[in-house]
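Take a look at the structure set out below.
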Amino acid sequence: MDYKYIEQLLERYWQCATTLEEERILRTFFAQKDVPVELLPYKDLFTYSDESLDDEVLDESFDDRMMALIDEPTQVEARTIRFTERLKPLFKAAAVVAIILTLGNAIQVAFQRHDAGADLSGVAVAERTIDGPSMAKADSTMVDTLAALPAERVFMK
């Protein structure tokens, strides 16, 4: 038997040029039991769509069940929130800030001890001396300079 027409329809099908009627002809042809061997690879393509349409049909009660689910009123209960529950996020934020500040101070103290050097590690902070000009000496020089100037000149500045 010559299946030239079916082959032409298949060519048009792959080019997306078939009409709905021609596609129906292809589905009817491949739904038969006697399909030529050279066209067997295409049989599943055309028979699958017929089988899947039958499986996915919803029954008549589906719409009624969906509408019943949608129309059910939902009960909304009022919930009282205490003042402490409203402030919990603020308490958490304050705790985070306190932790960050504490860790920052601890790190700062550790770096200050590190900068002082290893030779002063056992010495208390108050006992350390810094080499340089003495502030007491600078203050006494200023007082001596002011005392040596005449009083009228000191107040004019």
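Chain labels A, B, ... are given in the sequence in which chains occur in the structure tokens; within each chain residues are numbered consecutively from 1, and ligands are likewise numbered from 1 in the order shown.
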Name the residues in contact with range 19-27 of chain A at a cut-off of 12 Å, using only C-alpha atoms, excluding same-chain residues fewer than 6 positions from it; report them as a VMD selection string.
chain A and resid 3 5 to 13 35 39 42 to 51
Dump of N, CA and C atoms for the selected residues, as an mmCIF file, in the first residue's frame:
```
data_model
loop_
_atom_site.group_PDB
_atom_site.id
_atom_site.type_symbol
_atom_site.label_atom_id
_atom_site.label_comp_id
_atom_site.auth_asym_id
_atom_site.auth_seq_id
_atom_site.Cartn_x
_atom_site.Cartn_y
_atom_site.Cartn_z
ATOM 1 N N TYR A 3 1.722 4.944 0.980
ATOM 2 C CA TYR A 3 1.419 5.900 2.047
ATOM 3 C C TYR A 3 2.006 7.267 1.727
ATOM 4 N N TYR A 5 0.506 9.988 0.741
ATOM 5 C CA TYR A 5 -0.258 11.111 1.306
ATOM 6 C C TYR A 5 0.105 11.327 2.784
ATOM 7 N N ILE A 6 0.253 10.246 3.537
ATOM 8 C CA ILE A 6 0.610 10.345 4.951
ATOM 9 C C ILE A 6 2.013 10.933 5.095
ATOM 10 N N GLU A 7 2.932 10.519 4.218
ATOM 11 C CA GLU A 7 4.287 11.066 4.264
ATOM 12 C C GLU A 7 4.288 12.557 3.946
ATOM 13 N N GLN A 8 3.445 12.970 2.998
ATOM 14 C CA GLN A 8 3.335 14.402 2.680
ATOM 15 C C GLN A 8 2.762 15.171 3.877
ATOM 16 N N LEU A 9 1.776 14.587 4.530
ATOM 17 C CA LEU A 9 1.201 15.240 5.714
ATOM 18 C C LEU A 9 2.236 15.355 6.844
ATOM 19 N N LEU A 10 3.049 14.316 6.962
ATOM 20 C CA LEU A 10 4.114 14.372 7.994
ATOM 21 C C LEU A 10 5.116 15.476 7.682
ATOM 22 N N GLU A 11 5.488 15.607 6.396
ATOM 23 C CA GLU A 11 6.418 16.681 6.014
ATOM 24 C C GLU A 11 5.819 18.048 6.330
ATOM 25 N N ARG A 12 4.545 18.212 6.008
ATOM 26 C CA ARG A 12 3.882 19.483 6.308
ATOM 27 C C ARG A 12 3.751 19.692 7.821
ATOM 28 N N TYR A 13 3.569 18.581 8.553
ATOM 29 C CA TYR A 13 3.459 18.665 10.015
ATOM 30 C C TYR A 13 4.766 19.172 10.626
ATOM 31 N N VAL A 35 0.220 -0.164 11.172
ATOM 32 C CA VAL A 35 0.990 1.011 10.732
ATOM 33 C C VAL A 35 2.261 0.482 10.101
ATOM 34 N N LEU A 39 6.914 4.021 9.405
ATOM 35 C CA LEU A 39 6.199 5.117 10.077
ATOM 36 C C LEU A 39 5.955 4.845 11.563
ATOM 37 N N TYR A 42 6.752 7.399 14.508
ATOM 38 C CA TYR A 42 5.879 8.560 14.694
ATOM 39 C C TYR A 42 4.572 8.208 15.390
ATOM 40 N N LYS A 43 4.299 6.923 15.560
ATOM 41 C CA LYS A 43 3.026 6.485 16.118
ATOM 42 C C LYS A 43 2.823 7.001 17.540
ATOM 43 N N ASP A 44 3.847 6.890 18.366
ATOM 44 C CA ASP A 44 3.718 7.330 19.763
ATOM 45 C C ASP A 44 3.435 8.825 19.867
ATOM 46 N N LEU A 45 3.974 9.589 18.932
ATOM 47 C CA LEU A 45 3.765 11.036 18.957
ATOM 48 C C LEU A 45 2.287 11.392 18.767
ATOM 49 N N PHE A 46 1.636 10.692 17.897
ATOM 50 C CA PHE A 46 0.249 11.032 17.590
ATOM 51 C C PHE A 46 -0.754 10.304 18.478
ATOM 52 N N THR A 47 -0.405 9.169 19.013
ATOM 53 C CA THR A 47 -1.345 8.453 19.884
ATOM 54 C C THR A 47 -1.237 8.915 21.332
ATOM 55 N N TYR A 48 -0.120 9.477 21.707
ATOM 56 C CA TYR A 48 0.045 9.944 23.077
ATOM 57 C C TYR A 48 -0.932 11.066 23.397
ATOM 58 N N SER A 49 -1.128 11.959 22.478
ATOM 59 C CA SER A 49 -2.023 13.090 22.739
ATOM 60 C C SER A 49 -3.453 12.615 22.965
ATOM 61 N N ASP A 50 -3.883 11.558 22.277
ATOM 62 C CA ASP A 50 -5.231 11.027 22.491
ATOM 63 C C ASP A 50 -5.354 10.380 23.863
ATOM 64 N N GLU A 51 -4.327 9.649 24.272
ATOM 65 C CA GLU A 51 -4.358 8.982 25.573
ATOM 66 C C GLU A 51 -4.311 10.001 26.708
#
```
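Taking CA of Gln32 in chain A and CA of Lys4 in chain A as endpoints, the distance between them is 17.0 Å.
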